[in-house]
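Trainee: Sending over a structure as structure tokens; questions will come in a sec.
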Amino acid sequence: MILFGLIPALERLIRRIPPTIASAMLAGVILPLCLELFRIAGIDPLLAVLLLSTFVAARSRVPLYALPLVLAAGVAITLLRGNVVELPAGRMFGTLQLAALIFDLPVVLSLGSTQFLVTLISQNLPGLIILRASGYEPQASSLLVGTGLASLFAAPFGGHALNLAAITAAICTSEDAHADRSKRWTVGIIYAGIYLLLALFSPLLVRFFLALPPPVIGALTGIALIPTFISSFEAMIGKVKIAIPRS
């Protein structure tokens, strides 16, 4: 990724991609996750209706707390139904564990190259395009080299594919993050702090979500991405002109 970030042509390629295409790419990535909500509605309509109603009501009154309220509603429904999965006790705090690195050429050529392409095509390039679609001018070379160096240092601890997460980038750069585009960077700092806090309690967090039924997790994911999908879809069709033939 570091070597790829040093290619000057990549910067020019990113600049030539229209924002509408970028928005369409993001909408295409998010759409299957949002549609999962409707699949769950066919299995458990009461769950889907209650969570979606909570989201709509909270979004109209307290939009900042809409998703936490939906999460609380999902947990409450699970507890009332008694559908909590019992899990064995485990640690509360997460720890860093150093893994010995072993160079294996066949693994590098097969798994490593696949991981590189998936990270580049599904995360880094969409992430760069989303930043441009949001009105920013990211330096592709600097960002790719930076994420590559970060991955290099984090790889011994399992963080071998740090990237410009496309969906997270869309959330942090949307109007919901901050009305003033020049101040949306503060959301990234807040996200980083929350991620560090979650990492500290990662074993407890993993057990918490594993205790929830899969339909609840799927519904929560679909609802959480609805605002991002709507924003991407609006940006995708915002500049489309429909020609109506005249007789």
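Every chain in the structure tokens has a letter given in the order shown (A, B, ...), and although residue numbers restart at 1 in each chain, ligands are simply numbered from 1 in the order shown.
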May I have a table of the residues of region 52-110 of chain A lying at most 9 Å from region 152-161 of chain A, giving each one's closest pair of atoms and their distance in Å to one decimal, counting only C-alpha atoms, ordered by chain and ascending residue number, as JSON lines?

Mentor:
{"residue": "A:Leu96", "atom": "CA", "partner": "A:Phe157", "partner_atom": "CA", "distance": 6.5}
{"residue": "A:Gln97", "atom": "CA", "partner": "A:Phe157", "partner_atom": "CA", "distance": 5.9}
{"residue": "A:Leu98", "atom": "CA", "partner": "A:Phe157", "partner_atom": "CA", "distance": 5.1}
{"residue": "A:Ala99", "atom": "CA", "partner": "A:Pro156", "partner_atom": "CA", "distance": 5.3}
{"residue": "A:Ala100", "atom": "CA", "partner": "A:Pro156", "partner_atom": "CA", "distance": 6.8}
{"residue": "A:Leu101", "atom": "CA", "partner": "A:Pro156", "partner_atom": "CA", "distance": 6.7}

Trainee: Name the residues of region 78-188 of chain A that fall into helix (DSSP H, G or I) according to DSSP on the backbone, using the chain letters and numbers of this document, as a PyMOL selection string.

Mentor: chain A and resi 78-81+105-133+140-157+166-172+181-183+185-188

Trainee: I want to know what sits within 8 Å of Gly5 (chain A), based on only C-alpha atoms, with residues of the same chain fewer than 3 positions away left out; could you give that as JSON, numbers by chain?

Mentor: {"A": [1, 2, 8, 10, 140, 141, 142, 143, 144, 145]}

Trainee: Can you write out the residues you just picked, keeping N, CA and C atoms, as a PDB file, in the first residue's frame?

Mentor:
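Final file, part.pdb:
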ATOM      1  N   MET A   1       0.832  -1.202   0.000  1.00  0.00           N
ATOM      2  CA  MET A   1       0.000   0.000   0.000  1.00  0.00           C
ATOM      3  C   MET A   1       0.869   1.256   0.000  1.00  0.00           C
ATOM      4  N   ILE A   2       1.998   1.190   0.695  1.00  0.00           N
ATOM      5  CA  ILE A   2       2.906   2.338   0.721  1.00  0.00           C
ATOM      6  C   ILE A   2       3.438   2.619  -0.678  1.00  0.00           C
ATOM      7  N   PRO A   8       2.081   8.675  -8.763  1.00  0.00           N
ATOM      8  CA  PRO A   8       1.450   9.986  -9.011  1.00  0.00           C
ATOM      9  C   PRO A   8       0.140   9.878  -9.782  1.00  0.00           C
ATOM     10  N   LEU A  10      -2.265   7.938  -9.456  1.00  0.00           N
ATOM     11  CA  LEU A  10      -3.428   7.646  -8.620  1.00  0.00           C
ATOM     12  C   LEU A  10      -4.136   8.931  -8.214  1.00  0.00           C
ATOM     13  N   ALA A 140      -4.308  11.832  -1.911  1.00  0.00           N
ATOM     14  CA  ALA A 140      -4.366  10.372  -1.958  1.00  0.00           C
ATOM     15  C   ALA A 140      -3.030   9.738  -1.590  1.00  0.00           C
ATOM     16  N   SER A 141      -1.954  10.275  -2.128  1.00  0.00           N
ATOM     17  CA  SER A 141      -0.640   9.683  -1.874  1.00  0.00           C
ATOM     18  C   SER A 141      -0.296   9.714  -0.390  1.00  0.00           C
ATOM     19  N   SER A 142      -0.498  10.862   0.237  1.00  0.00           N
ATOM     20  CA  SER A 142      -0.161  10.992   1.656  1.00  0.00           C
ATOM     21  C   SER A 142      -1.013  10.070   2.518  1.00  0.00           C
ATOM     22  N   LEU A 143      -2.299   9.975   2.200  1.00  0.00           N
ATOM     23  CA  LEU A 143      -3.192   9.145   3.007  1.00  0.00           C
ATOM     24  C   LEU A 143      -2.874   7.661   2.853  1.00  0.00           C
ATOM     25  N   LEU A 144      -2.604   7.226   1.630  1.00  0.00           N
ATOM     26  CA  LEU A 144      -2.295   5.811   1.418  1.00  0.00           C
ATOM     27  C   LEU A 144      -0.960   5.434   2.050  1.00  0.00           C
ATOM     28  N   VAL A 145       0.013   6.317   1.918  1.00  0.00           N
ATOM     29  CA  VAL A 145       1.303   6.047   2.560  1.00  0.00           C
ATOM     30  C   VAL A 145       1.139   6.034   4.078  1.00  0.00           C
TER      31      VAL A 145
END

Trainee: I'd like a table as JSON lines: residues in region 198-226 of chain A with an atom no more than 10 Å from region 51-74 of chain A, each row giving the shortest atom pair and its distance in Å to one decimal, only C-alpha atoms counted, sorted by chain and rising residue number.

Mentor:
{"residue": "A:Leu212", "atom": "CA", "partner": "A:Gly74", "partner_atom": "CA", "distance": 8.7}
{"residue": "A:Pro213", "atom": "CA", "partner": "A:Gly74", "partner_atom": "CA", "distance": 9.9}
{"residue": "A:Pro215", "atom": "CA", "partner": "A:Gly74", "partner_atom": "CA", "distance": 9.9}
{"residue": "A:Val216", "atom": "CA", "partner": "A:Gly74", "partner_atom": "CA", "distance": 6.3}
{"residue": "A:Ile217", "atom": "CA", "partner": "A:Gly74", "partner_atom": "CA", "distance": 8.5}
{"residue": "A:Ala219", "atom": "CA", "partner": "A:Leu51", "partner_atom": "CA", "distance": 7.7}
{"residue": "A:Leu220", "atom": "CA", "partner": "A:Leu71", "partner_atom": "CA", "distance": 6.8}
{"residue": "A:Thr221", "atom": "CA", "partner": "A:Leu71", "partner_atom": "CA", "distance": 9.8}
{"residue": "A:Gly222", "atom": "CA", "partner": "A:Leu52", "partner_atom": "CA", "distance": 9.8}
{"residue": "A:Ile223", "atom": "CA", "partner": "A:Leu52", "partner_atom": "CA", "distance": 7.0}
{"residue": "A:Ala224", "atom": "CA", "partner": "A:Leu67", "partner_atom": "CA", "distance": 6.3}
{"residue": "A:Leu225", "atom": "CA", "partner": "A:Leu67", "partner_atom": "CA", "distance": 9.8}
{"residue": "A:Ile226", "atom": "CA", "partner": "A:Phe55", "partner_atom": "CA", "distance": 9.9}

Trainee: Keeping only C-alpha atoms, write those residues as a PDB file, in the first residue's frame.

Mentor:
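File written: part27.pdb
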ATOM      1  CA  LEU A 212     -27.926 -10.367  21.131  1.00  0.00           C
ATOM      2  CA  PRO A 213     -29.889 -12.426  18.587  1.00  0.00           C
ATOM      3  CA  PRO A 215     -31.943 -10.427  13.815  1.00  0.00           C
ATOM      4  CA  VAL A 216     -31.465  -7.642  16.358  1.00  0.00           C
ATOM      5  CA  ILE A 217     -27.896  -7.003  15.211  1.00  0.00           C
ATOM      6  CA  ALA A 219     -31.816  -4.641  12.175  1.00  0.00           C
ATOM      7  CA  LEU A 220     -29.612  -2.273  14.173  1.00  0.00           C
ATOM      8  CA  THR A 221     -27.003  -2.256  11.408  1.00  0.00           C
ATOM      9  CA  GLY A 222     -29.556  -1.559   8.691  1.00  0.00           C
ATOM     10  CA  ILE A 223     -31.192   1.268  10.616  1.00  0.00           C
ATOM     11  CA  ALA A 224     -27.851   2.832  11.555  1.00  0.00           C
ATOM     12  CA  LEU A 225     -26.887   3.136   7.885  1.00  0.00           C
ATOM     13  CA  ILE A 226     -30.187   4.582   6.647  1.00  0.00           C
TER      14      ILE A 226
END

Trainee: Pick out the closest residue to Val206 (chain A) from this set: A:Ala41, A:Ala89, A:Ile189, A:Leu6. Count only C-alpha atoms.

Mentor: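 Closest to Val206 (chain A) of all the choices is A:Ala89.
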
Trainee: Just the number, please: distance in Å from CA of Trp185 (chain A) to CA of Asn163 (chain A), one decimal.

Mentor: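 For CA of Trp185 (chain A) relative to CA of Asn163 (chain A), the distance reads 17.0 Å.
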